[in-house]
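Notes to accompany the following structure.
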Amino acid sequence: MAAHPGSGFGGARGFAHNARLCPRTGHAPRAVKVAFQPMNKTAVAVVVIAVVLAAAGGGYWFGTQRPMPTSMAGGPGAATPAQGKSGPGAPAGGPPPTAVEAIKVVTAPMPQTITAVGSLRSDESVTLRPESAGRISEITFQEGQRVAKGAPLVKLDPAIPQAEVQQAKANLTLAKAKFDRAVDLAKRSFISGQARDEAENNLKVAEASLQLAEAKLAKTELKAPFAGIIGLRSVSVGDYVKEGADLVNLEAIDPLKVDFRVPETYLRQVQVGQSLQVTLDALPGSAYDGKVVAVNPLIDAAGRSVVIRAQVRNQDTSLRPGMFARVRLITRDQADAMVVPEQALMPQGNEQYVFKVVDGKVVRAKVETGQRRDGKVEVVAGLAPGDTVVTAGQLKLRDGAPVRATVADAGKGADAQASAPAASAPPAGAPPAGRGDAAAPGTANAARVKADGPSTRPPKS
């Protein structure tokens with residue numbers, strides 16, 4: 001406010017004060033001018049917006065909390081169940097049944113299996129090596145042919161061993177004659193007992209020398225230690241070989257061994273005699289049956305796995321050692337396992353749930369699942385054979401909701417309609433709800449909205 005010059009006061013008090021002072025000063029009193037500062041525009045806008053929001057909120061509250069007019073609830077424009085033609089059997093109010101797809105719980109073979117990878121090995125495998133040095137004089141096999149046990153394969157030059165045998169035989173003959181003479185002289189007491197013992201010892205040494213020479217001669221001929229298929233030789237006739245040099249390999253491939261590894265957590269499930277199936281990438285479309293013959297008692301510390309060995313028949317010799325194999329070990333053969341499609345499951349955290357259809361309504365049930373295979377899931381607990389479970393449309397359902405299920409027969413593949421209860425769907429031939437003389441109580445809301453116009457109440461989800 002602007003005050004009179006020379007005055008220290010403003011407003012009405014300032015004016016009165018000036019009037020008292022004016023006679024003393026000798027001039028007439030004057031009115032004091034008062035000026036108001038304009039209000040801030042931002043503050044005005046905030047006040048206006050707050051008033052508008054308060055009015056809108058009050059209107060919404062009034063619209064949702066006001067009582068229903070009697071004319072809308074039960075007036076002449078609304079029909080009651082007692083006045084309709086349908087009588088007391090008309091369907092009760094509520095949401096319409098939801099269309100879903102379902103299937104019956106069936107039993108099917110679901111053996112418990114462990115899948116692993118491994119390699120094929122020969123049932124018996126050996127690489128022939130000579131025990132003594134010599135020159136190869138003869139090779140008596142064809143590469144890749146089958147050979148019988150004990151068949152001669154490679155011969156070394158036997159000239160020196162044969163001569164040693166002849167020498168040993170001559171020494172043995174002389175030693176035997178000396179021993180006989182010594183025995184006769186000892187009986188006549190012409191020689192001492194020591195001389196007789198020396199003659200007997202010389203005879204035994206000659207016998208051992210002959211056996212040694214014959215053994216060396218036998219080592220010049222290499223024979224097949226078992227029946228199998230001979231491999232590819234790496235030597236030829238005339239080659240001089242030393243002790244332990246590789247000559248040729250021999251493989252017994254019927255049956256074959258399969259070595260594979262499984263984690264140590266499956267050790268208790270693996271037993272000798274269990275069945276398995278072997279498939280090979282090199283022979284697609286073929287499966288070979290086998291059995292577990294041994295389990296390694298030592299756990300591999302590097303991979304924490306146990307090595308299992310099985311046998312597979314190979315009568316047509318189509319399988320060969322070294323092939324990559326995929327193994328499916330059957331640890332439990334269950335022929336009557338309950339199975340449902342994978343799409344019937346609804347995971348929630350670490351638990352699995354399904355919707356069962358019971359009397360036209362769905363019931364949410366917790367289940368325990370086992371193994372999965374080919375789009376099917378084994379149900380260990382929570383269901384019974386013959387139960388109907390929803391396979392499509394679960395996202396629209398809640399526990400206890402009415403449904404109209406199309407049940408697929410797992411055995412025949414045909415669809416059959418599962419009828420919903422009368423409280424969930426109107427009977428055939430009945431007039432539409434909200435028209436005619438009868439209407440369900442649930443249709444009164446639609447009539448009320450149509451009579452009063454659009455409502456400010458938000459739609460229900």
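Every chain in the structure tokens has a letter given in the order shown (A, B, ...), and although residue numbers restart at 1 in each chain, ligands are simply numbered from 1 in the order shown.
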
Go through stretch 105-176 of chain A and collect every residue that DSSP, computed from the backbone, puts in helix (DSSP H, G or I); the answer should be as a list of chain:residue names. A:Ala159, A:Ile160, A:Pro161, A:Gln162, A:Ala163, A:Glu164, A:Val165, A:Gln166, A:Gln167, A:Ala168, A:Lys169, A:Ala170, A:Asn171, A:Leu172, A:Thr173, A:Leu174, A:Ala175, A:Lys176

For stretch 272-279 of chain A, work out the shell of residues within 8 Å, counting only C-alpha atoms and skipping chain neighbours fewer than 6 positions away, then give it as a tab-separated table (two decimals) with C-alpha atoms, in the first residue's frame.
chain	number	residue	atom	x	y	z
A	285	GLY	CA	15.91	-95.74	-38.53
A	286	SER	CA	17.41	-98.82	-36.87
A	287	ALA	CA	17.38	-99.69	-33.18
A	288	TYR	CA	19.25	-102.51	-31.48
A	289	ASP	CA	18.34	-104.11	-28.17
A	290	GLY	CA	20.90	-104.92	-25.53
A	291	LYS	CA	21.46	-105.59	-21.84
A	292	VAL	CA	23.73	-104.17	-19.17
A	293	VAL	CA	26.51	-106.65	-18.37
A	294	ALA	CA	28.73	-104.69	-15.98
A	295	VAL	CA	28.92	-101.44	-13.99
A	325	ALA	CA	25.94	-94.68	-30.29
A	326	ARG	CA	22.93	-93.12	-28.58
A	327	VAL	CA	21.77	-95.22	-25.64
A	328	ARG	CA	18.36	-95.25	-23.95
A	329	LEU	CA	18.62	-97.23	-20.75
A	330	ILE	CA	15.30	-98.49	-19.35
A	331	THR	CA	15.51	-98.36	-15.56

What are the nearest atom pairs, with distances in Å to one decimal, for all residues of stretch 347-373 of chain A that come at most 6 Å from stretch 387-410 of chain A, using only C-alpha atoms, set out by chain and rising residue number as JSON lines?
{"residue": "A:Phe355", "atom": "CA", "partner": "A:Val390", "partner_atom": "CA", "distance": 5.5}
{"residue": "A:Lys356", "atom": "CA", "partner": "A:Val389", "partner_atom": "CA", "distance": 4.4}
{"residue": "A:Val357", "atom": "CA", "partner": "A:Thr388", "partner_atom": "CA", "distance": 5.5}
{"residue": "A:Gly360", "atom": "CA", "partner": "A:Val403", "partner_atom": "CA", "distance": 5.7}
{"residue": "A:Lys361", "atom": "CA", "partner": "A:Pro402", "partner_atom": "CA", "distance": 4.3}
{"residue": "A:Val362", "atom": "CA", "partner": "A:Gly400", "partner_atom": "CA", "distance": 5.2}
{"residue": "A:Val363", "atom": "CA", "partner": "A:Asp399", "partner_atom": "CA", "distance": 5.3}
{"residue": "A:Arg364", "atom": "CA", "partner": "A:Asp399", "partner_atom": "CA", "distance": 5.5}

Excluding A:Pro263 and any residue of its chain fewer than 2 positions from it, enumerate the residues within 6 Å of it, using only C-alpha atoms, and give them as a ChimeraX atom specification. /A:265-266,305

When you look at stretch 140-147 of chain A with a cut-off of 9 Å (counting only C-alpha atoms), what residues show up, excluding the ones that are within fewer than 3 positions of it in the same chain? I need them as a list of chain:residue names. A:Gly150, A:Ala151, A:Pro152, A:Leu153, A:Val154, A:Lys155, A:Ala224, A:Phe226, A:Ala227, A:Gly228, A:Ile229, A:Ile230, A:Gly231, A:Leu232, A:Arg233, A:Val248, A:Leu250

For A:Ile136: contacts at 12 Å, only C-alpha atoms, fewer than 5 positions along chain excluded, given as a PDB file with C-alpha atoms, in the first residue's frame:
ATOM      1  CA  PRO A 130      55.632-111.826 -32.203  1.00  0.00           C
ATOM      2  CA  LEU A 153      48.124-116.559 -39.388  1.00  0.00           C
ATOM      3  CA  VAL A 154      51.849-115.701 -39.632  1.00  0.00           C
ATOM      4  CA  LYS A 155      54.962-117.919 -39.640  1.00  0.00           C
ATOM      5  CA  LEU A 156      58.507-116.822 -38.921  1.00  0.00           C
ATOM      6  CA  ASP A 157      61.630-118.565 -40.252  1.00  0.00           C
ATOM      7  CA  PRO A 158      61.928-121.744 -38.101  1.00  0.00           C
ATOM      8  CA  ALA A 159      65.419-122.859 -39.155  1.00  0.00           C
ATOM      9  CA  THR A 220      57.593-118.803 -34.737  1.00  0.00           C
ATOM     10  CA  GLU A 221      53.959-119.521 -35.709  1.00  0.00           C
ATOM     11  CA  LEU A 222      51.265-116.997 -34.703  1.00  0.00           C
ATOM     12  CA  VAL A 235      53.943-106.367 -42.800  1.00  0.00           C
ATOM     13  CA  SER A 236      54.812-108.552 -45.750  1.00  0.00           C
ATOM     14  CA  VAL A 237      56.625-111.815 -46.360  1.00  0.00           C
ATOM     15  CA  GLY A 238      60.368-111.347 -45.878  1.00  0.00           C
ATOM     16  CA  ASP A 239      60.085-108.550 -43.327  1.00  0.00           C
ATOM     17  CA  TYR A 240      62.285-108.877 -40.263  1.00  0.00           C
ATOM     18  CA  VAL A 241      60.292-108.115 -37.148  1.00  0.00           C
ATOM     19  CA  LYS A 242      61.386-107.618 -33.594  1.00  0.00           C
ATOM     20  CA  ALA A 245      56.123-105.405 -33.433  1.00  0.00           C
ATOM     21  CA  LEU A 247      51.527-107.347 -37.354  1.00  0.00           C
TER      22      LEU A 247
END

Identify, on the basis of only C-alpha atoms, every residue whose closest approach to A:Gly193 does not exceed 10 Å; exclude the query and any residue fewer than 5 positions from it along the same chain; express the result as a list in words. Ala182, Val183, Leu185, Ala186, Lys187 and Glu198 of chain A

Between atom CA of A:Arg261 and atom CA of A:Asp316 - distance in Å to one decimal: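 Atom CA of A:Arg261 lies 26.7 Å from atom CA of A:Asp316.
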
List the spatial neighbours of A:Arg332 as a PyMOL selection string - criterion: any atom at most 10 Å away, only C-alpha atoms, same-chain residues fewer than 6 positions off excluded. chain A and resi 110-114+269-270+274-275

Taking only C-alpha atoms into account, which of A:Leu217, A:Glu138, A:Asp184, A:Val258 comes nearest A:Val307?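 Ranking A:Leu217, A:Glu138, A:Asp184, A:Val258 by distance to A:Val307, first place goes to A:Val258.
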
As a ChimeraX atom specification, please: every residue in stretch 169-316 of chain A that DSSP puts in strand (DSSP E or B). /A:221-223,228-230,240-241,248-263,275-280,283-295,300,305-312
